[in-house]
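Student: File name run-v5.csv; file contents CSV, C-alpha atoms; full text below.
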chain,number,residue,atom,x,y,z
A,1,MET,CA,39.7,-19.9,-9.8
A,2,ALA,CA,36.4,-21.7,-10.1
A,3,HIS,CA,33.3,-19.7,-11.0
A,4,PRO,CA,30.3,-19.9,-8.7
A,5,ARG,CA,27.6,-22.3,-10.0
A,6,GLU,CA,24.4,-21.1,-11.7
A,7,ALA,CA,21.3,-20.8,-9.6
A,8,VAL,CA,18.8,-23.6,-10.1
A,9,PRO,CA,16.1,-22.5,-12.6
A,10,THR,CA,12.4,-22.3,-11.5
A,11,VAL,CA,9.7,-20.8,-13.8
A,12,THR,CA,10.8,-18.6,-16.7
A,13,PHE,CA,8.9,-15.5,-15.8
A,14,VAL,CA,10.0,-15.8,-12.2
A,15,ASP,CA,13.7,-16.3,-13.2
A,16,ASN,CA,13.6,-13.4,-15.6
A,17,TYR,CA,12.1,-11.0,-13.0
A,18,CYS,CA,14.3,-12.1,-10.1
A,19,ALA,CA,17.5,-11.9,-12.3
A,20,THR,CA,17.4,-8.1,-11.8
A,21,TYR,CA,18.0,-8.6,-8.1
A,22,GLN,CA,20.7,-11.3,-8.3
A,23,HIS,CA,23.6,-8.8,-7.7
A,24,LEU,CA,22.1,-8.0,-4.3
A,25,PHE,CA,22.8,-11.6,-3.0
A,26,PRO,CA,26.4,-12.5,-2.3
A,27,GLU,CA,25.6,-16.2,-2.2
A,28,VAL,CA,24.0,-18.3,-4.9
A,29,ARG,CA,21.9,-20.2,-2.3
A,30,SER,CA,20.5,-16.9,-1.0
A,31,PHE,CA,19.4,-15.9,-4.5
A,32,GLU,CA,17.8,-19.4,-5.0
A,33,PHE,CA,15.8,-19.0,-1.9
A,34,PHE,CA,14.7,-15.5,-3.1
A,35,LYS,CA,13.4,-17.1,-6.3
A,36,TRP,CA,11.8,-20.0,-4.4
A,37,LEU,CA,9.9,-17.6,-2.1
A,38,HIS,CA,8.5,-15.8,-5.1
A,39,LEU,CA,7.4,-19.1,-6.6
A,40,GLY,CA,5.8,-20.2,-3.3
A,41,LEU,CA,4.1,-16.9,-2.7
A,42,ILE,CA,2.2,-17.1,-6.0
A,43,SER,CA,1.2,-20.7,-5.5
A,44,ASP,CA,-2.4,-21.6,-4.6
A,45,ILE,CA,-1.6,-22.9,-1.1
A,46,PRO,CA,-4.1,-21.2,1.3
A,47,ARG,CA,-1.5,-20.0,3.9
A,48,LYS,CA,1.9,-18.9,2.7
A,49,THR,CA,3.9,-19.9,5.8
A,50,LEU,CA,7.5,-21.0,5.4
A,51,PRO,CA,6.6,-24.7,6.2
A,52,ALA,CA,3.8,-24.7,3.7
A,53,ILE,CA,6.0,-23.1,1.0
A,54,ALA,CA,8.8,-25.6,1.7
A,55,GLN,CA,6.4,-28.5,1.3
A,56,TYR,CA,5.1,-27.0,-1.9
A,57,LEU,CA,8.6,-26.6,-3.3
A,58,GLY,CA,9.6,-30.1,-2.2
A,59,LEU,CA,12.2,-29.0,0.3
A,60,SER,CA,13.0,-31.4,3.2
A,61,ASN,CA,12.3,-28.7,5.8
A,62,HIS,CA,11.7,-24.9,6.0
A,63,GLN,CA,14.9,-24.0,7.9
A,64,SER,CA,16.8,-22.9,4.8
A,65,LEU,CA,14.0,-20.5,3.9
A,66,LEU,CA,13.9,-19.3,7.5
A,67,HIS,CA,17.7,-18.7,7.5
A,68,PHE,CA,17.3,-16.6,4.3
A,69,LEU,CA,14.8,-14.5,6.1
A,70,THR,CA,16.7,-14.1,9.3
A,71,GLU,CA,20.4,-14.6,8.7
A,72,SER,CA,21.2,-14.3,5.0
A,73,PRO,CA,23.5,-11.4,4.2
A,74,TRP,CA,21.3,-9.2,2.1
A,75,GLN,CA,20.0,-5.7,2.7
A,76,VAL,CA,16.3,-4.9,2.7
A,77,GLU,CA,16.8,-1.3,1.6
A,78,GLU,CA,18.8,-2.4,-1.4
A,79,LEU,CA,16.0,-4.8,-2.4
A,80,ARG,CA,13.5,-1.9,-2.0
A,81,ASN,CA,15.6,0.4,-4.1
A,82,GLN,CA,15.9,-2.1,-6.9
A,83,ARG,CA,12.1,-2.8,-6.9
A,84,LEU,CA,11.3,1.0,-7.0
A,85,SER,CA,13.9,1.4,-9.8
A,86,ILE,CA,12.1,-1.2,-11.9
A,87,ILE,CA,8.7,0.6,-11.3
A,88,ARG,CA,10.2,3.9,-12.4
A,89,GLN,CA,11.6,2.4,-15.6
A,90,VAL,CA,8.3,0.7,-16.4
A,91,LEU,CA,6.3,4.0,-15.8
A,92,GLU,CA,8.7,6.0,-18.0
A,93,GLY,CA,7.9,9.2,-16.2
A,94,ARG,CA,4.1,8.6,-16.3
A,95,SER,CA,2.0,10.1,-13.6
A,96,PHE,CA,-0.2,7.9,-11.5
A,97,THR,CA,-2.8,8.0,-8.6
A,98,LEU,CA,-1.1,7.5,-5.3
A,99,ILE,CA,-3.1,5.4,-2.8
A,100,ILE,CA,-2.2,5.5,0.9
A,101,ASP,CA,-3.9,3.4,3.5
A,102,ASP,CA,-3.1,1.6,6.8
A,103,SER,CA,-3.2,-2.1,6.9
A,104,GLY,CA,-3.6,-4.2,10.1
A,105,ASP,CA,-3.5,-7.8,10.9
A,106,LYS,CA,-4.6,-9.6,14.1
A,107,LYS,CA,-1.7,-11.2,16.0
A,108,LYS,CA,-1.7,-13.1,19.3
A,109,GLY,CA,0.5,-12.3,22.2
A,110,LYS,CA,3.0,-9.5,22.8
A,111,THR,CA,6.3,-11.1,21.7
A,112,THR,CA,6.1,-9.7,18.1
A,113,ASP,CA,7.6,-6.2,17.7
A,114,TYR,CA,5.0,-3.4,17.6
A,115,VAL,CA,2.0,-5.7,18.2
A,116,ASP,CA,-0.5,-4.1,20.6
A,117,ARG,CA,-4.2,-3.6,21.0
A,118,GLN,CA,-5.0,-1.0,18.4
A,119,TYR,CA,-7.6,-0.2,15.7
A,120,ILE,CA,-7.4,-2.8,12.8
A,121,GLY,CA,-9.0,-1.1,9.8
A,122,ASN,CA,-10.0,-4.1,7.8
A,123,LEU,CA,-11.6,-5.7,10.9
A,124,GLY,CA,-13.4,-2.4,11.9
A,125,THR,CA,-12.5,-2.8,15.6
A,126,VAL,CA,-9.8,-2.7,18.2
A,127,GLU,CA,-7.8,-6.0,18.3
A,128,ASN,CA,-4.3,-7.2,19.3
A,129,GLY,CA,-2.4,-6.7,16.0
A,130,ILE,CA,0.3,-5.1,13.9
A,131,VAL,CA,-0.4,-2.1,11.6
A,132,SER,CA,1.5,-0.6,8.7
A,133,VAL,CA,1.0,2.5,6.5
A,134,ASN,CA,1.3,1.6,2.8
A,135,ALA,CA,1.6,3.4,-0.5
A,136,TYR,CA,0.6,2.1,-3.9
A,137,ALA,CA,0.7,3.4,-7.5
A,138,PHE,CA,-2.6,3.0,-9.4
A,139,VAL,CA,-2.4,3.2,-13.1
A,140,ASP,CA,-4.3,1.6,-16.0
A,141,GLY,CA,-6.3,-0.5,-13.6
A,142,LEU,CA,-3.2,-2.0,-12.0
A,143,ILE,CA,-1.6,-1.5,-8.6
A,144,PHE,CA,2.2,-1.4,-7.9
A,145,PRO,CA,3.3,-1.5,-4.2
A,146,LEU,CA,5.6,1.3,-3.4
A,147,ILE,CA,6.7,1.9,0.2
A,148,PHE,CA,5.4,0.7,3.6
A,149,LYS,CA,6.2,1.9,7.1
A,150,ILE,CA,5.4,0.1,10.4
A,151,PHE,CA,3.2,1.9,12.9
A,152,LYS,CA,4.8,1.8,16.3
A,153,PRO,CA,2.3,2.1,19.2
A,154,LEU,CA,3.3,4.3,22.0
A,155,LYS,CA,3.4,1.5,24.5
A,156,ARG,CA,5.6,-0.7,22.3
A,157,LEU,CA,8.3,1.8,21.5
A,158,LYS,CA,11.9,0.7,21.8
A,159,PRO,CA,14.5,3.0,23.3
A,160,GLN,CA,15.7,4.3,19.9
A,161,ASP,CA,12.1,4.7,18.5
A,162,ILE,CA,10.2,8.0,18.1
A,163,PHE,CA,6.5,7.9,18.1
A,164,LYS,CA,4.8,8.9,14.9
A,165,THR,CA,1.1,9.0,14.0
A,166,LYS,CA,-0.1,7.2,10.9
A,167,PRO,CA,-0.7,10.5,9.0
A,168,GLN,CA,2.9,11.5,9.9
A,169,LEU,CA,4.1,8.2,8.4
A,170,ALA,CA,2.0,8.9,5.3
A,171,ALA,CA,3.6,12.4,5.0
A,172,GLU,CA,7.1,10.8,5.2
A,173,ILE,CA,6.2,8.4,2.4
A,174,ILE,CA,5.0,11.2,0.1
A,175,GLN,CA,8.2,13.1,0.8
A,176,GLU,CA,10.3,10.1,0.0
A,177,LEU,CA,8.4,9.3,-3.2
A,178,GLN,CA,8.9,12.9,-4.3
A,179,GLU,CA,12.6,12.7,-3.6
A,180,ARG,CA,12.8,9.5,-5.6
A,181,GLY,CA,11.4,11.2,-8.7
A,182,PHE,CA,7.9,9.6,-8.8
A,183,LYS,CA,5.1,11.7,-10.3
A,184,PHE,CA,1.5,11.4,-9.1
A,185,ASP,CA,-1.4,13.7,-10.1
A,186,LEU,CA,-3.8,12.6,-7.3
A,187,VAL,CA,-3.4,11.3,-3.8
A,188,LEU,CA,-6.1,9.1,-2.2
A,189,ALA,CA,-5.7,8.6,1.5
A,190,ASP,CA,-7.7,7.0,4.3
A,191,THR,CA,-7.1,8.8,7.6
A,192,VAL,CA,-10.5,8.2,9.1
A,193,TYR,CA,-9.3,7.5,12.6
A,194,GLU,CA,-6.4,10.0,12.9
A,195,GLU,CA,-5.8,13.7,12.8
A,196,CYS,CA,-4.4,14.5,9.4
A,197,ASP,CA,-2.9,18.0,9.7
A,198,SER,CA,0.6,16.8,9.1
A,199,LEU,CA,-0.5,14.9,5.9
A,200,ILE,CA,-2.4,17.8,4.5
A,201,SER,CA,0.5,20.1,5.2
A,202,VAL,CA,2.8,17.9,3.0
A,203,LEU,CA,0.2,17.6,0.3
A,204,ASN,CA,-0.1,21.4,0.1
A,205,GLN,CA,3.7,21.8,0.3
A,206,PHE,CA,4.1,19.7,-2.9
A,207,GLN,CA,1.0,21.2,-4.5
A,208,LEU,CA,-0.6,17.8,-4.9
A,209,ASN,CA,-4.3,17.2,-5.6
A,210,PHE,CA,-5.9,15.0,-3.0
A,211,ILE,CA,-9.0,13.3,-1.8
A,212,VAL,CA,-8.7,12.2,1.9
A,213,ALA,CA,-11.4,10.2,3.8
A,214,ILE,CA,-12.2,11.9,7.1
A,215,ARG,CA,-14.3,10.9,10.1
A,216,SER,CA,-17.9,12.0,10.2
A,217,ASN,CA,-17.3,14.2,13.3
A,218,TYR,CA,-14.3,16.0,11.8
A,219,GLY,CA,-14.1,19.4,13.6
A,220,PHE,CA,-14.0,22.8,12.1
A,221,TRP,CA,-14.0,26.2,13.8
A,222,LEU,CA,-16.6,28.7,12.6
A,223,ALA,CA,-16.9,32.4,13.4
A,224,PRO,CA,-20.2,33.4,15.3
A,225,SER,CA,-21.6,34.9,12.1
A,226,GLN,CA,-20.9,31.7,10.0
A,227,ARG,CA,-23.0,28.6,9.7
A,228,LEU,CA,-22.7,25.1,8.4
A,229,ARG,CA,-24.4,24.5,5.0
A,230,TYR,CA,-25.1,21.5,2.7
A,231,THR,CA,-25.6,21.8,-1.0
A,232,ARG,CA,-28.2,19.7,-2.8
A,233,TRP,CA,-27.6,16.0,-3.5
A,234,LYS,CA,-26.2,15.3,-6.9
A,235,LYS,CA,-26.5,11.8,-8.4
A,236,PHE,CA,-23.6,10.0,-10.0
A,237,HIS,CA,-22.8,6.3,-10.7
A,238,ARG,CA,-20.2,4.4,-8.9
A,239,LEU,CA,-18.3,2.1,-11.3
A,240,PHE,CA,-17.1,-1.3,-10.3
A,241,SER,CA,-14.2,-3.2,-11.8
A,242,LYS,CA,-16.4,-5.6,-13.7
A,243,GLY,CA,-18.4,-2.8,-15.3
A,244,LYS,CA,-21.4,-2.8,-12.9
A,245,THR,CA,-22.7,0.6,-11.8
A,246,GLU,CA,-24.4,1.6,-8.6
A,247,GLU,CA,-26.4,4.8,-8.1
A,248,SER,CA,-24.7,7.1,-5.6
A,249,TYR,CA,-25.1,10.7,-4.3
A,250,ILE,CA,-22.8,13.5,-3.3
A,251,ARG,CA,-23.2,16.9,-1.7
A,252,GLU,CA,-20.8,19.5,-0.5
A,253,ILE,CA,-20.5,20.5,3.2
A,254,ILE,CA,-19.6,24.2,3.5
A,255,PHE,CA,-18.1,25.5,6.7
A,256,GLY,CA,-19.1,29.2,6.6
A,257,LYS,CA,-17.7,29.9,3.2
A,258,HIS,CA,-15.9,28.2,0.3
A,259,ARG,CA,-12.3,27.5,0.9
A,260,GLN,CA,-9.5,26.0,-1.1
A,261,THR,CA,-10.0,22.7,0.7
A,262,ARG,CA,-13.6,21.5,0.3
A,263,TYR,CA,-15.6,18.9,2.1
A,264,TRP,CA,-18.0,16.3,0.6
A,265,GLN,CA,-20.4,13.6,1.8
A,266,VAL,CA,-20.9,10.6,-0.5
A,267,THR,CA,-23.5,8.0,0.1
A,268,THR,CA,-25.6,5.3,-1.6
A,269,ASP,CA,-28.5,5.9,0.7
A,270,ARG,CA,-29.7,9.5,1.4
A,271,GLU,CA,-32.0,8.3,4.1
A,272,ASN,CA,-29.6,6.1,6.1
A,273,PHE,CA,-26.2,7.6,6.7
A,274,SER,CA,-24.6,4.5,8.1
A,275,ASP,CA,-20.8,3.9,7.9
A,276,ASN,CA,-21.5,1.1,5.4
A,277,PHE,CA,-23.0,3.5,2.9
A,278,THR,CA,-21.4,6.9,3.6
A,279,LEU,CA,-18.0,8.5,3.1
A,280,PHE,CA,-16.9,11.9,4.2
A,281,LEU,CA,-14.1,13.3,2.0
A,282,MET,CA,-11.8,16.3,2.1
A,283,SER,CA,-10.3,17.5,-1.2
A,284,ASN,CA,-8.6,20.5,-2.8
A,285,LEU,CA,-9.9,19.7,-6.3
A,286,PRO,CA,-11.3,22.8,-7.9
A,287,ALA,CA,-14.5,21.2,-9.1
A,288,SER,CA,-16.9,18.6,-7.6
A,289,ILE,CA,-15.2,15.3,-7.0
A,290,PRO,CA,-17.3,13.3,-9.6
A,291,SER,CA,-16.5,16.0,-12.2
A,292,ALA,CA,-12.8,15.8,-11.6
A,293,VAL,CA,-12.4,12.1,-10.9
A,294,ARG,CA,-14.5,9.6,-12.8
A,295,ASN,CA,-14.9,7.1,-10.0
A,296,PRO,CA,-14.0,8.5,-6.6
A,297,TYR,CA,-16.1,6.2,-4.6
A,298,GLY,CA,-14.7,3.1,-6.4
A,299,LEU,CA,-11.1,4.3,-6.0
A,300,ILE,CA,-11.5,4.9,-2.3
A,301,THR,CA,-12.8,1.4,-2.0
A,302,TRP,CA,-9.3,0.2,-3.1
A,303,LEU,CA,-8.1,1.5,0.2
A,304,GLU,CA,-10.2,-1.0,2.2
A,305,TYR,CA,-10.5,-4.0,-0.1
A,306,GLY,CA,-8.4,-4.3,-3.3
A,307,CYS,CA,-4.9,-3.7,-2.0
A,308,LYS,CA,-5.4,-5.6,1.3
A,309,HIS,CA,-6.9,-8.7,-0.3
A,310,SER,CA,-4.3,-8.8,-3.0
A,311,LYS,CA,-1.5,-8.6,-0.4
A,312,ASN,CA,-3.1,-11.2,1.8
A,313,TYR,CA,-3.3,-13.6,-1.1
A,314,ILE,CA,0.4,-13.4,-1.6
A,315,GLY,CA,1.0,-13.9,2.1
A,316,TRP,CA,1.5,-10.4,3.7
A,317,SER,CA,0.2,-11.6,7.1
A,318,ASP,CA,1.6,-15.1,7.1
A,319,PHE,CA,5.0,-14.4,8.6
A,320,ARG,CA,6.0,-16.4,11.7
A,321,VAL,CA,8.9,-14.2,13.0
A,322,THR,CA,8.7,-11.8,15.8
A,323,ASN,CA,11.6,-9.4,15.1
A,324,TYR,CA,10.6,-6.4,13.0
A,325,GLU,CA,13.8,-6.4,10.9
A,326,GLN,CA,12.8,-9.9,9.8
A,327,ILE,CA,9.2,-9.0,9.3
A,328,GLU,CA,10.3,-6.1,7.1
A,329,ARG,CA,12.3,-8.6,5.0
A,330,TRP,CA,9.2,-10.7,4.6
A,331,TRP,CA,7.0,-7.8,3.6
A,332,GLU,CA,9.6,-6.6,1.1
A,333,VAL,CA,9.7,-10.0,-0.6
A,334,VAL,CA,5.9,-9.9,-0.7
A,335,CYS,CA,5.9,-6.5,-2.3
A,336,SER,CA,8.5,-7.8,-4.9
A,337,THR,CA,6.2,-10.7,-5.6
A,338,TYR,CA,3.2,-8.3,-6.0
A,339,LEU,CA,5.2,-6.2,-8.5
A,340,MET,CA,6.2,-9.3,-10.4
A,341,LEU,CA,2.5,-10.3,-10.8
A,342,SER,CA,1.4,-6.8,-11.8
A,343,LEU,CA,4.1,-6.7,-14.5
A,344,GLN,CA,2.6,-9.8,-16.2
A,345,PHE,CA,-0.5,-7.9,-17.4
A,346,HIS,CA,-0.4,-7.1,-21.0
A,347,VAL,CA,-0.6,-3.4,-20.4
A,348,PHE,CA,2.9,-3.4,-19.0
A,349,GLN,CA,4.3,-6.6,-20.4
A,350,GLN,CA,6.4,-5.1,-23.1
A,351,LYS,CA,7.7,-2.2,-21.0
A,352,SER,CA,8.5,-4.5,-18.0
A,353,ASN,CA,10.4,-6.9,-20.3
A,354,GLN,CA,12.4,-4.0,-21.7
A,355,ALA,CA,13.1,-2.6,-18.2
A,356,ILE,CA,14.2,-6.0,-16.9
A,357,THR,CA,16.4,-6.7,-20.0
A,358,SER,CA,17.9,-3.2,-19.7
A,359,GLN,CA,18.8,-3.7,-16.0
A,360,ASN,CA,20.2,-7.2,-16.6
A,361,THR,CA,22.4,-5.9,-19.5
A,362,GLU,CA,23.7,-3.1,-17.3
A,363,LEU,CA,24.6,-5.5,-14.5
A,364,ILE,CA,26.4,-7.8,-17.0
A,365,ALA,CA,28.3,-4.9,-18.4
Just give me the structure of the file as structure tokens.
Tutor:
Amino acid sequence: MAHPREAVPTVTFVDNYCATYQHLFPEVRSFEFFKWLHLGLISDIPRKTLPAIAQYLGLSNHQSLLHFLTESPWQVEELRNQRLSIIRQVLEGRSFTLIIDDSGDKKKGKTTDYVDRQYIGNLGTVENGIVSVNAYAFVDGLIFPLIFKIFKPLKRLKPQDIFKTKPQLAAEIIQELQERGFKFDLVLADTVYEECDSLISVLNQFQLNFIVAIRSNYGFWLAPSQRLRYTRWKKFHRLFSKGKTEESYIREIIFGKHRQTRYWQVTTDRENFSDNFTLFLMSNLPASIPSAVRNPYGLITWLEYGCKHSKNYIGWSDFRVTNYEQIERWWEVVCSTYLMLSLQFHVFQQKSNQAITSQNTELIA
């Protein structure tokens, strides 16, 4: 009986990383397309569409890549499980900061599943688009993509769908990560435009420390004898990734009396509380946020800029399919590529090589 041929090699670090997924693909050609997509997604082409990637790779057309995305017999859940397994091995039980945000992309028309007129956070306005809730691990200055869930607008639900708010999806993600054995010592979440009771309930259930961004008009019931108070402004320095600092201020908002959950206002301009300069935060940290977390303002900024821009560079929004099962496949390959890049930094290089070698050895055995 003839043995199947070996997959065509690409670049060494791409081949080494992708080898841990090879057992998930029953066809050699499918595994080759998996590797080629990783290679195309890290290229410097401005848009990571399938035709552009095919041209970059020197393929005659993009139909083979499209077939891999739409028809090839591999399971997205198995790919996700393998990716998360690699992350667990690299972390070796270490705790991390869990970042949760919603990511939206403008899309034309109504043919794409779950596209509707809705708030797109990175655009700061309501547009026709698609939105997902995403979780990332933040450790040693690096980000690892964990789990994403699609937000399904009420008007675009399919017969089998159940409507869930974005905080409810975030709560489900936290529960799943707990069940998978991940450890995180702090949760940062952006729920500015949603009610967040379901999310806070899960955070309290697992006794997790959290800092959650809330809208400026967040409501709170006070007894007739109670009043709203503000503490004095305290100065701290916001730290940017390149070492630059910016003078910022924080004060506590006290609704009647001190509670386990505390509320904070953070700004860079005490005279002008515009959305561009001010954050309202809810946290269960026992001390003031700057005392407990070295750079809260900078970490929250990752929710709006760092994660989104990194994903977009790899091609998160460049899919050209309309069925969500196929979009999910694309997003999972993007997350895998994101992880591959994160593992190249020297902080995790040795551990990632050991994890990949270990998994490949197990598969061969």
Student: Which residues, written as number ranges by chain, have at least one atom at most 6 Å from range 140-156 of chain A, with all atoms listed in the file counted and residues fewer than 2 positions away on the same chain left out?
Tutor: A: 114, 131-138, 335, 339
Student: Need the shell around Ile254 in chain A: protein/DNA/RNA residues with any atom at most 9 Å away, counting only C-alpha atoms. Skip same-chain ones fewer than 5 positions apart. Format as a ChimeraX atom specification?
Tutor: /A:227-231,259,262-264
Student: Can you list, as a PyMOL selection string, every protein, DNA or RNA residue that comes within 6 Å of range 186-188 of chain A when you count all atoms listed in the file, leaving out same-chain residues fewer than 2 positions away?
Tutor: chain A and resi 97-99+184+209-212
Student: Compile the contact shell of Asn61 in chain A as a list of chain:residue names: residues with an atom at most 10 Å away, counting only C-alpha atoms, same-chain residues fewer than 4 positions apart removed.
Tutor: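 In the requested form, the answer reads A:Leu50, A:Pro51, A:Ala52, A:Ile53, A:Ala54, A:Gln55, A:Leu65, A:Leu66.
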Student: So how many Å separate CA of Pro4 in chain A and CA of Pro26 in chain A, to one decimal?
Tutor: 10.5 Å
Student: Which residue is closest to Phe206 in chain A? Choose from A:Arg80, A:Lys183, A:Lys308, A:His258 and count only C-alpha atoms.
Tutor: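 Of A:Arg80, A:Lys183, A:Lys308, A:His258, the one nearest Phe206 in chain A, counting only C-alpha atoms, is A:Lys183.
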Student: Complete the atoms of range 60-71 of chain A to N, CA, C and O atoms and put them out as a PDB file, in the frame of the given file.
Tutor:
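Result file is out.pdb:
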ATOM      1  N   SER A  60      13.095 -30.461   2.046  1.00  0.00           N
ATOM      2  CA  SER A  60      13.000 -31.400   3.200  1.00  0.00           C
ATOM      3  C   SER A  60      12.489 -30.717   4.429  1.00  0.00           C
ATOM      4  O   SER A  60      11.797 -31.321   5.242  1.00  0.00           O
ATOM      5  N   ASN A  61      12.823 -29.440   4.634  1.00  0.00           N
ATOM      6  CA  ASN A  61      12.300 -28.700   5.800  1.00  0.00           C
ATOM      7  C   ASN A  61      12.374 -27.179   5.404  1.00  0.00           C
ATOM      8  O   ASN A  61      12.924 -26.808   4.364  1.00  0.00           O
ATOM      9  N   HIS A  62      11.830 -26.354   6.283  1.00  0.00           N
ATOM     10  CA  HIS A  62      11.700 -24.900   6.000  1.00  0.00           C
ATOM     11  C   HIS A  62      12.886 -24.117   6.577  1.00  0.00           C
ATOM     12  O   HIS A  62      12.901 -22.893   6.454  1.00  0.00           O
ATOM     13  N   GLN A  63      13.852 -24.756   7.219  1.00  0.00           N
ATOM     14  CA  GLN A  63      14.900 -24.000   7.900  1.00  0.00           C
ATOM     15  C   GLN A  63      15.764 -23.203   6.971  1.00  0.00           C
ATOM     16  O   GLN A  63      16.234 -22.122   7.335  1.00  0.00           O
ATOM     17  N   SER A  64      15.981 -23.699   5.754  1.00  0.00           N
ATOM     18  CA  SER A  64      16.800 -22.900   4.800  1.00  0.00           C
ATOM     19  C   SER A  64      16.088 -21.632   4.416  1.00  0.00           C
ATOM     20  O   SER A  64      16.729 -20.584   4.285  1.00  0.00           O
ATOM     21  N   LEU A  65      14.754 -21.694   4.242  1.00  0.00           N
ATOM     22  CA  LEU A  65      14.000 -20.500   3.900  1.00  0.00           C
ATOM     23  C   LEU A  65      13.997 -19.528   5.132  1.00  0.00           C
ATOM     24  O   LEU A  65      14.095 -18.308   4.969  1.00  0.00           O
ATOM     25  N   LEU A  66      13.897 -20.078   6.335  1.00  0.00           N
ATOM     26  CA  LEU A  66      13.900 -19.300   7.500  1.00  0.00           C
ATOM     27  C   LEU A  66      15.286 -18.576   7.686  1.00  0.00           C
ATOM     28  O   LEU A  66      15.362 -17.393   8.049  1.00  0.00           O
ATOM     29  N   HIS A  67      16.358 -19.292   7.385  1.00  0.00           N
ATOM     30  CA  HIS A  67      17.700 -18.700   7.500  1.00  0.00           C
ATOM     31  C   HIS A  67      17.832 -17.565   6.456  1.00  0.00           C
ATOM     32  O   HIS A  67      18.449 -16.530   6.757  1.00  0.00           O
ATOM     33  N   PHE A  68      17.251 -17.725   5.256  1.00  0.00           N
ATOM     34  CA  PHE A  68      17.300 -16.600   4.300  1.00  0.00           C
ATOM     35  C   PHE A  68      16.607 -15.398   4.822  1.00  0.00           C
ATOM     36  O   PHE A  68      17.068 -14.274   4.597  1.00  0.00           O
ATOM     37  N   LEU A  69      15.539 -15.599   5.562  1.00  0.00           N
ATOM     38  CA  LEU A  69      14.800 -14.500   6.100  1.00  0.00           C
ATOM     39  C   LEU A  69      15.438 -13.823   7.292  1.00  0.00           C
ATOM     40  O   LEU A  69      15.293 -12.621   7.504  1.00  0.00           O
ATOM     41  N   THR A  70      16.164 -14.596   8.073  1.00  0.00           N
ATOM     42  CA  THR A  70      16.700 -14.100   9.300  1.00  0.00           C
ATOM     43  C   THR A  70      18.185 -13.841   9.365  1.00  0.00           C
ATOM     44  O   THR A  70      18.650 -12.942  10.061  1.00  0.00           O
ATOM     45  N   GLU A  71      18.962 -14.621   8.613  1.00  0.00           N
ATOM     46  CA  GLU A  71      20.400 -14.600   8.700  1.00  0.00           C
ATOM     47  C   GLU A  71      21.147 -14.243   7.439  1.00  0.00           C
ATOM     48  O   GLU A  71      22.291 -13.796   7.469  1.00  0.00           O
TER      49      GLU A  71
END
